[in-house]
Amino acid sequence: MNPSGAVRSKLLRPLAMALTPSSSPYSATLGSIVSRRNFASSSSDEVLTIETSVPFTSHKCEPPSRSVQTTPKELMGFFQDMALMRRMEIAADSLYKAKLIRGFCHLYDGQEAVAVGMEAAITRKDCIITAYRDHCIYLGRGGTLVESFAELMGRTGGCSKGKGGSMHFYKKENGFYGGHGIVGAQIPLGCGLAFGQKYTKDETVTFTLYGDGAANQGQLFEALNIAALWDLPAILVCENNHYGMGTAEWRAAKSPAYYKRGDYVPGLKVDGMDVLAVKQACLFAKEHALKNGPIILEMDTYRYHGHSMSDPGSTYRTRDEISGVRQERDPLERVRKLILGNDIATVAELKDIEKQAKKEVDEAIAKAKESPMPDPSGLFSDVYVKGYGTEAFGADRKEVKSVLP
């Protein structure tokens with residue numbers, strides 16, 4: 001068994017060293033301060049070249065450059081998006097404890113850079129499909145806070161009409177195909193989406209997200225085999241937060257180098273707490289997948305909450321480990337230090353953004369609570385194909401409860 005200290009050391013990257021303005025690759029000079037609410041100035045579109053926190057590690061491919069191009073406008077957008085996601089998940093925690101959210105609930109705080117960086121590299125014509133830790137992915141795909149909280153609380157105004165709950169967010173019109181509760185089951189579905197994209201020749205890709213716990217599922221390798229055989233534009237993203245439920249990766253996987261798991265499929269290990277590294281990796285992966293077929297991205301990330309709300313998250317890891325990652329690798333704090341170190345915005349302006357995020361979340365919760373609960377007859381809809389007049393019976397099989405449209 002590995003000592004807890006050894007596990008912790010793999011999770012930490014020195015944030016202070018990486019982001020010191022005087023010596024850091026994150027340092028650049030701007031002529032003026034750009035606030036989140038004032039992107040009209042020319043400096044907001046000035047191109048900055050910034051190095052990723054750590055190098056990419058590759059398997060059967062040349063890694064992308066560590067130098068990432070961005071702008072003050074994009075960096076401020078990253079901060080606002082991640083601040084909103086962080087506040088949404090903190091609020092969901094409180095709503096669950098107040099019993100306004102029932103059933104399963106898996107929170108994403110700590111992993112926001114993956115959702116935000118991925119969106120920065122792709123378009124809404126590209127598809128994303130993920131597991132049950134899906135709230136922030138949905139928000140990144142253009143979902144609203146009101147739809148999110150309504151769904152979490154089982155209301156008709158939710159993105160899945162209150163029927164899906166935390167694990168089954170969905171927004172097909174924006175290329176988001178869920179939200180899946182069965183571990184690893186979304187992987188072959190994601191490869192199926194990629195098959196459709198290749199068939200229609202529309203030059204788009206599918207990002208299929210799964211966790212390190214699902215990386216040992218047989219269906220991953222079955223789907224990957226077909227994707228490689230047919231050169232599908234499939235990008236498999238392992239969000240390695242280092243704990244599958246309550247089991248550390250080193251206790252569950254003989255080879256925790258998940259980016260190499262494809263064997264004959266190229267892979268890339270990415271610092272998933274660095275939003276710019278995620279963006280660069282996803283740009284690289286999309287270009288690769290369109291030309292050469294599937295690729296695996298392993299996002300080295302971390303969840304602050306437990307696996308789900310029934311998991312305190314502190315029985316199989318130390319509180320020192322969690323606080324250490326927060327202090328040294330937090331994705332939101334990395335962007336904050338980058339913005340402040342380059343005089344893009346002030347401390348007060350960033351605080352205002354966080355206050356606004358809290359206000360938006362609070363207002364969305366209040367509005368979501370006004371949405372009604374689904375009518376019981378809704379149990380019979382969205383089950384079978386429409387137009388066949390299917391009869392639905394009660395438990396005793398004697399009385400017809402409904403004739404489906």
# chains A, B, ... in the order shown; residues from 1 in each chain; ligands from 1
>>> residues_around(residues="stretch 178-184 of chain A", least_positions_apart="4", cutoff="9 Å", atoms="only C-alpha atoms", output="number ranges by chain")
A: 128-135, 138, 164, 166-172, 188, 210-211, 213-220
>>> atom_distance(atom1="atom CA of A:Phe195", atom2="atom CA of A:Tyr259")
21.8 Å
>>> residues_around(residues="A:Arg102", least_positions_apart="5", cutoff="12 Å", atoms="only C-alpha atoms", output="JSON, numbers by chain")
{"A": [92, 93, 94, 95, 96, 97, 151, 152, 153, 154, 155, 162, 163, 164, 165, 166, 167, 308, 309, 310]}
>>> select_by_dssp(residues="stretch 141-288 of chain A", states="alpha helix (DSSP H)", output="PyMOL selection string")
chain A and resi 145-152+186-200+218-229+249-252+275-288
>>> residues_around(residues="stretch 290-306 of chain A", least_positions_apart="4", cutoff="8 Å", atoms="only C-alpha atoms", output="ChimeraX atom specification")
/A:107-111,114,203-205,224,227-228,230-242,245,258-260,262,265-273,278,281,285-286,310-314,322,325
>>> write_last_selection(atoms="N, CA and C atoms", output="short mmCIF file (atom, residue, chain, number, x, y, z; two decimals), in the first residue's frame")
data_model
loop_
_atom_site.label_atom_id
_atom_site.label_comp_id
_atom_site.auth_asym_id
_atom_site.auth_seq_id
_atom_site.Cartn_x
_atom_site.Cartn_y
_atom_site.Cartn_z
N LEU A 107 -21.18 16.28 -7.19
CA LEU A 107 -20.76 17.67 -7.39
C LEU A 107 -19.40 17.75 -8.08
N TYR A 108 -19.20 18.86 -8.80
CA TYR A 108 -18.08 19.02 -9.73
C TYR A 108 -17.05 20.04 -9.26
N ASP A 109 -17.25 20.65 -8.09
CA ASP A 109 -16.33 21.70 -7.66
C ASP A 109 -14.91 21.15 -7.51
N GLY A 110 -13.97 21.89 -8.11
CA GLY A 110 -12.58 21.45 -8.21
C GLY A 110 -12.22 21.06 -9.63
N GLN A 111 -13.20 20.60 -10.39
CA GLN A 111 -12.95 20.10 -11.74
C GLN A 111 -13.41 21.08 -12.83
N VAL A 114 -11.86 21.65 -16.50
CA VAL A 114 -12.08 20.70 -17.58
C VAL A 114 -13.27 21.15 -18.44
N GLU A 203 -17.43 17.12 -40.14
CA GLU A 203 -16.20 17.67 -39.58
C GLU A 203 -16.34 18.12 -38.13
N THR A 204 -17.08 17.34 -37.36
CA THR A 204 -17.21 17.59 -35.93
C THR A 204 -16.74 16.35 -35.17
N VAL A 205 -16.57 16.52 -33.85
CA VAL A 205 -16.07 15.42 -33.02
C VAL A 205 -16.97 15.25 -31.79
N LEU A 224 -13.54 1.48 -27.78
CA LEU A 224 -12.30 2.04 -28.31
C LEU A 224 -11.78 1.23 -29.49
N ALA A 227 -13.87 2.20 -32.46
CA ALA A 227 -13.57 3.58 -32.84
C ALA A 227 -12.24 3.67 -33.58
N ALA A 228 -11.24 2.90 -33.12
CA ALA A 228 -9.94 2.90 -33.78
C ALA A 228 -10.01 2.17 -35.12
N TRP A 230 -12.47 1.98 -37.14
CA TRP A 230 -13.19 2.79 -38.13
C TRP A 230 -12.72 4.25 -38.18
N ASP A 231 -11.66 4.56 -37.44
CA ASP A 231 -11.10 5.93 -37.43
C ASP A 231 -12.17 6.97 -37.10
N LEU A 232 -12.91 6.74 -36.05
CA LEU A 232 -13.99 7.65 -35.69
C LEU A 232 -13.44 8.91 -35.00
N PRO A 233 -14.10 10.05 -35.19
CA PRO A 233 -13.66 11.30 -34.54
C PRO A 233 -14.09 11.33 -33.07
N ALA A 234 -13.58 10.38 -32.31
CA ALA A 234 -13.96 10.20 -30.91
C ALA A 234 -12.80 10.60 -30.01
N ILE A 235 -13.07 11.49 -29.06
CA ILE A 235 -12.08 11.90 -28.08
C ILE A 235 -12.55 11.41 -26.71
N LEU A 236 -11.84 10.47 -26.15
CA LEU A 236 -12.21 9.89 -24.87
C LEU A 236 -11.45 10.64 -23.77
N VAL A 237 -12.20 11.25 -22.87
CA VAL A 237 -11.62 12.11 -21.83
C VAL A 237 -11.80 11.45 -20.47
N CYS A 238 -10.69 11.00 -19.91
CA CYS A 238 -10.73 10.41 -18.56
C CYS A 238 -10.49 11.53 -17.55
N GLU A 239 -11.54 11.90 -16.81
CA GLU A 239 -11.40 12.89 -15.75
C GLU A 239 -10.88 12.17 -14.50
N ASN A 240 -9.58 12.14 -14.39
CA ASN A 240 -8.94 11.39 -13.30
C ASN A 240 -8.89 12.26 -12.05
N ASN A 241 -9.91 12.14 -11.19
CA ASN A 241 -9.90 12.88 -9.92
C ASN A 241 -9.32 12.03 -8.78
N HIS A 242 -8.75 10.89 -9.17
CA HIS A 242 -7.92 10.06 -8.29
C HIS A 242 -8.69 9.17 -7.32
N MET A 245 -15.35 6.53 -6.45
CA MET A 245 -16.11 6.45 -5.21
C MET A 245 -15.12 6.63 -4.04
N TYR A 258 -3.77 6.38 -17.42
CA TYR A 258 -4.97 6.16 -18.22
C TYR A 258 -4.83 6.64 -19.66
N TYR A 259 -3.95 7.61 -19.90
CA TYR A 259 -3.77 8.08 -21.27
C TYR A 259 -3.08 7.04 -22.15
N LYS A 260 -2.46 6.03 -21.53
CA LYS A 260 -1.82 4.95 -22.28
C LYS A 260 -2.72 3.74 -22.44
N GLY A 262 -5.20 3.09 -24.15
CA GLY A 262 -5.66 2.75 -25.49
C GLY A 262 -4.71 1.86 -26.25
N VAL A 265 -4.04 3.31 -29.48
CA VAL A 265 -4.66 4.63 -29.65
C VAL A 265 -3.79 5.67 -28.94
N PRO A 266 -3.47 6.79 -29.60
CA PRO A 266 -2.65 7.82 -28.96
C PRO A 266 -3.33 8.40 -27.73
N GLY A 267 -2.52 8.96 -26.84
CA GLY A 267 -3.05 9.55 -25.61
C GLY A 267 -2.22 10.73 -25.16
N LEU A 268 -2.82 11.53 -24.29
CA LEU A 268 -2.17 12.73 -23.78
C LEU A 268 -2.59 12.94 -22.34
N LYS A 269 -1.61 13.15 -21.45
CA LYS A 269 -1.91 13.48 -20.06
C LYS A 269 -1.85 14.98 -19.90
N VAL A 270 -2.89 15.54 -19.26
CA VAL A 270 -3.08 16.99 -19.18
C VAL A 270 -3.29 17.40 -17.73
N ASP A 271 -2.76 18.55 -17.35
CA ASP A 271 -3.08 19.10 -16.03
C ASP A 271 -4.51 19.64 -16.10
N GLY A 272 -5.45 18.87 -15.59
CA GLY A 272 -6.86 19.22 -15.66
C GLY A 272 -7.27 20.33 -14.71
N MET A 273 -6.33 20.86 -13.94
CA MET A 273 -6.60 22.01 -13.07
C MET A 273 -6.13 23.31 -13.72
N VAL A 278 -6.04 22.58 -20.61
CA VAL A 278 -7.20 21.83 -21.10
C VAL A 278 -7.61 22.34 -22.48
N ALA A 281 -5.05 21.16 -25.08
CA ALA A 281 -5.16 19.72 -25.33
C ALA A 281 -6.39 19.39 -26.17
N ALA A 285 -6.56 17.65 -29.70
CA ALA A 285 -7.30 16.39 -29.83
C ALA A 285 -8.33 16.47 -30.95
N LYS A 286 -9.00 17.60 -31.08
CA LYS A 286 -10.00 17.73 -32.15
C LYS A 286 -9.35 17.63 -33.52
N SER A 310 -23.69 11.25 -0.14
CA SER A 310 -23.64 10.31 0.98
C SER A 310 -22.20 10.02 1.41
N ASP A 311 -21.25 10.58 0.69
CA ASP A 311 -19.83 10.33 0.96
C ASP A 311 -19.20 11.60 1.53
N PRO A 312 -18.73 11.57 2.79
CA PRO A 312 -18.11 12.77 3.36
C PRO A 312 -16.79 13.14 2.68
N GLY A 313 -16.20 12.19 1.98
CA GLY A 313 -14.99 12.47 1.22
C GLY A 313 -13.73 12.61 2.04
N SER A 314 -13.80 12.25 3.32
CA SER A 314 -12.64 12.43 4.20
C SER A 314 -12.22 11.14 4.91
N ILE A 322 -6.77 17.48 0.82
CA ILE A 322 -7.78 18.31 0.16
C ILE A 322 -7.40 19.78 0.22
N VAL A 325 -4.44 20.61 -2.12
CA VAL A 325 -4.81 20.78 -3.53
C VAL A 325 -5.49 22.13 -3.72
#
>>> residues_around(residues="A:Glu354", least_positions_apart="6", cutoff="8 Å", atoms="only C-alpha atoms", output="list in words")
Gln80, Ala83 and Leu84 of chain A
>>> residues_around(residues="A:Gly142", least_positions_apart="5", cutoff="12 Å", atoms="only C-alpha atoms", output="VMD selection string")
chain A and resid 81 115 to 116 119 123 to 124 135 to 137 147 to 148 159 169 to 176
>>> atom_distance(atom1="atom CA of A:Gly143", atom2="atom CA of A:Asp45")
26.0 Å
>>> atom_distance(atom1="atom CA of A:Ala357", atom2="atom CA of A:Met82")
9.6 Å
>>> select_by_dssp(residues="stretch 119-344 of chain A", states="strand (DSSP E or B)", output="MDAnalysis selection string")
chainID A and resid 127:129 171 176 206:211 234:240 243:244 247:248 267:271 295:300
>>> decode(residues="stretch 94-118 of chain A", atoms="N, CA, C and O atoms", output="PDB file, in the first residue's frame")
ATOM      1  N   SER A  94     -25.977  22.736  -0.383  1.00  0.00           N
ATOM      2  CA  SER A  94     -26.889  23.248   0.652  1.00  0.00           C
ATOM      3  C   SER A  94     -28.322  22.791   0.408  1.00  0.00           C
ATOM      4  O   SER A  94     -29.039  22.420   1.346  1.00  0.00           O
ATOM      5  N   LEU A  95     -28.753  22.802  -0.841  1.00  0.00           N
ATOM      6  CA  LEU A  95     -30.120  22.369  -1.175  1.00  0.00           C
ATOM      7  C   LEU A  95     -30.313  20.891  -0.871  1.00  0.00           C
ATOM      8  O   LEU A  95     -31.393  20.477  -0.442  1.00  0.00           O
ATOM      9  N   TYR A  96     -29.270  20.107  -1.095  1.00  0.00           N
ATOM     10  CA  TYR A  96     -29.372  18.680  -0.790  1.00  0.00           C
ATOM     11  C   TYR A  96     -29.514  18.463   0.705  1.00  0.00           C
ATOM     12  O   TYR A  96     -30.341  17.655   1.160  1.00  0.00           O
ATOM     13  N   LYS A  97     -28.722  19.182   1.473  1.00  0.00           N
ATOM     14  CA  LYS A  97     -28.782  19.032   2.927  1.00  0.00           C
ATOM     15  C   LYS A  97     -30.105  19.535   3.492  1.00  0.00           C
ATOM     16  O   LYS A  97     -30.542  19.107   4.563  1.00  0.00           O
ATOM     17  N   ALA A  98     -30.747  20.450   2.746  1.00  0.00           N
ATOM     18  CA  ALA A  98     -32.068  20.936   3.144  1.00  0.00           C
ATOM     19  C   ALA A  98     -33.188  20.035   2.621  1.00  0.00           C
ATOM     20  O   ALA A  98     -34.366  20.340   2.797  1.00  0.00           O
ATOM     21  N   LYS A  99     -32.814  18.937   1.965  1.00  0.00           N
ATOM     22  CA  LYS A  99     -33.743  17.946   1.411  1.00  0.00           C
ATOM     23  C   LYS A  99     -34.628  18.506   0.306  1.00  0.00           C
ATOM     24  O   LYS A  99     -35.718  18.011   0.049  1.00  0.00           O
ATOM     25  N   LEU A 100     -34.143  19.535  -0.368  1.00  0.00           N
ATOM     26  CA  LEU A 100     -34.837  20.050  -1.545  1.00  0.00           C
ATOM     27  C   LEU A 100     -34.356  19.348  -2.810  1.00  0.00           C
ATOM     28  O   LEU A 100     -35.006  19.378  -3.845  1.00  0.00           O
ATOM     29  N   ILE A 101     -33.185  18.739  -2.729  1.00  0.00           N
ATOM     30  CA  ILE A 101     -32.687  17.844  -3.777  1.00  0.00           C
ATOM     31  C   ILE A 101     -32.656  16.454  -3.169  1.00  0.00           C
ATOM     32  O   ILE A 101     -32.108  16.259  -2.082  1.00  0.00           O
ATOM     33  N   ARG A 102     -33.250  15.500  -3.861  1.00  0.00           N
ATOM     34  CA  ARG A 102     -33.313  14.131  -3.340  1.00  0.00           C
ATOM     35  C   ARG A 102     -32.601  13.176  -4.294  1.00  0.00           C
ATOM     36  O   ARG A 102     -32.310  13.506  -5.431  1.00  0.00           O
ATOM     37  N   GLY A 103     -32.345  11.970  -3.807  1.00  0.00           N
ATOM     38  CA  GLY A 103     -31.699  10.964  -4.655  1.00  0.00           C
ATOM     39  C   GLY A 103     -30.204  11.199  -4.750  1.00  0.00           C
ATOM     40  O   GLY A 103     -29.566  11.717  -3.839  1.00  0.00           O
ATOM     41  N   PHE A 104     -29.636  10.805  -5.882  1.00  0.00           N
ATOM     42  CA  PHE A 104     -28.195  10.934  -6.077  1.00  0.00           C
ATOM     43  C   PHE A 104     -27.834  12.358  -6.468  1.00  0.00           C
ATOM     44  O   PHE A 104     -28.596  13.056  -7.130  1.00  0.00           O
ATOM     45  N   CYS A 105     -26.649  12.776  -6.068  1.00  0.00           N
ATOM     46  CA  CYS A 105     -26.168  14.110  -6.437  1.00  0.00           C
ATOM     47  C   CYS A 105     -24.640  14.095  -6.362  1.00  0.00           C
ATOM     48  O   CYS A 105     -24.072  13.829  -5.309  1.00  0.00           O
ATOM     49  N   HIS A 106     -24.000  14.340  -7.501  1.00  0.00           N
ATOM     50  CA  HIS A 106     -22.539  14.304  -7.589  1.00  0.00           C
ATOM     51  C   HIS A 106     -22.048  15.692  -7.998  1.00  0.00           C
ATOM     52  O   HIS A 106     -22.456  16.210  -9.040  1.00  0.00           O
ATOM     53  N   LEU A 107     -21.175  16.282  -7.187  1.00  0.00           N
ATOM     54  CA  LEU A 107     -20.764  17.669  -7.393  1.00  0.00           C
ATOM     55  C   LEU A 107     -19.397  17.755  -8.076  1.00  0.00           C
ATOM     56  O   LEU A 107     -18.560  16.879  -7.950  1.00  0.00           O
ATOM     57  N   TYR A 108     -19.197  18.859  -8.796  1.00  0.00           N
ATOM     58  CA  TYR A 108     -18.079  19.020  -9.730  1.00  0.00           C
ATOM     59  C   TYR A 108     -17.048  20.038  -9.258  1.00  0.00           C
ATOM     60  O   TYR A 108     -16.078  20.301  -9.951  1.00  0.00           O
ATOM     61  N   ASP A 109     -17.245  20.650  -8.086  1.00  0.00           N
ATOM     62  CA  ASP A 109     -16.328  21.701  -7.659  1.00  0.00           C
ATOM     63  C   ASP A 109     -14.909  21.146  -7.512  1.00  0.00           C
ATOM     64  O   ASP A 109     -14.682  20.116  -6.906  1.00  0.00           O
ATOM     65  N   GLY A 110     -13.969  21.886  -8.110  1.00  0.00           N
ATOM     66  CA  GLY A 110     -12.583  21.449  -8.212  1.00  0.00           C
ATOM     67  C   GLY A 110     -12.220  21.060  -9.631  1.00  0.00           C
ATOM     68  O   GLY A 110     -11.071  21.198 -10.052  1.00  0.00           O
ATOM     69  N   GLN A 111     -13.203  20.599 -10.393  1.00  0.00           N
ATOM     70  CA  GLN A 111     -12.954  20.099 -11.742  1.00  0.00           C
ATOM     71  C   GLN A 111     -13.409  21.077 -12.831  1.00  0.00           C
ATOM     72  O   GLN A 111     -13.438  20.735 -14.013  1.00  0.00           O
ATOM     73  N   GLU A 112     -13.722  22.310 -12.456  1.00  0.00           N
ATOM     74  CA  GLU A 112     -14.332  23.264 -13.391  1.00  0.00           C
ATOM     75  C   GLU A 112     -13.468  23.561 -14.614  1.00  0.00           C
ATOM     76  O   GLU A 112     -13.986  23.851 -15.693  1.00  0.00           O
ATOM     77  N   ALA A 113     -12.146  23.497 -14.466  1.00  0.00           N
ATOM     78  CA  ALA A 113     -11.262  23.834 -15.585  1.00  0.00           C
ATOM     79  C   ALA A 113     -11.459  22.889 -16.767  1.00  0.00           C
ATOM     80  O   ALA A 113     -11.258  23.282 -17.917  1.00  0.00           O
ATOM     81  N   VAL A 114     -11.858  21.648 -16.497  1.00  0.00           N
ATOM     82  CA  VAL A 114     -12.082  20.699 -17.584  1.00  0.00           C
ATOM     83  C   VAL A 114     -13.270  21.148 -18.436  1.00  0.00           C
ATOM     84  O   VAL A 114     -13.182  21.216 -19.675  1.00  0.00           O
ATOM     85  N   ALA A 115     -14.368  21.477 -17.783  1.00  0.00           N
ATOM     86  CA  ALA A 115     -15.567  21.899 -18.514  1.00  0.00           C
ATOM     87  C   ALA A 115     -15.333  23.193 -19.283  1.00  0.00           C
ATOM     88  O   ALA A 115     -15.702  23.319 -20.452  1.00  0.00           O
ATOM     89  N   VAL A 116     -14.688  24.156 -18.628  1.00  0.00           N
ATOM     90  CA  VAL A 116     -14.501  25.480 -19.237  1.00  0.00           C
ATOM     91  C   VAL A 116     -13.439  25.442 -20.329  1.00  0.00           C
ATOM     92  O   VAL A 116     -13.622  26.007 -21.416  1.00  0.00           O
ATOM     93  N   GLY A 117     -12.329  24.775 -20.085  1.00  0.00           N
ATOM     94  CA  GLY A 117     -11.275  24.689 -21.087  1.00  0.00           C
ATOM     95  C   GLY A 117     -11.704  23.928 -22.322  1.00  0.00           C
ATOM     96  O   GLY A 117     -11.347  24.289 -23.450  1.00  0.00           O
ATOM     97  N   MET A 118     -12.494  22.870 -22.124  1.00  0.00           N
ATOM     98  CA  MET A 118     -12.992  22.090 -23.255  1.00  0.00           C
ATOM     99  C   MET A 118     -13.890  22.939 -24.147  1.00  0.00           C
ATOM    100  O   MET A 118     -13.762  22.930 -25.372  1.00  0.00           O
TER     101      MET A 118
END
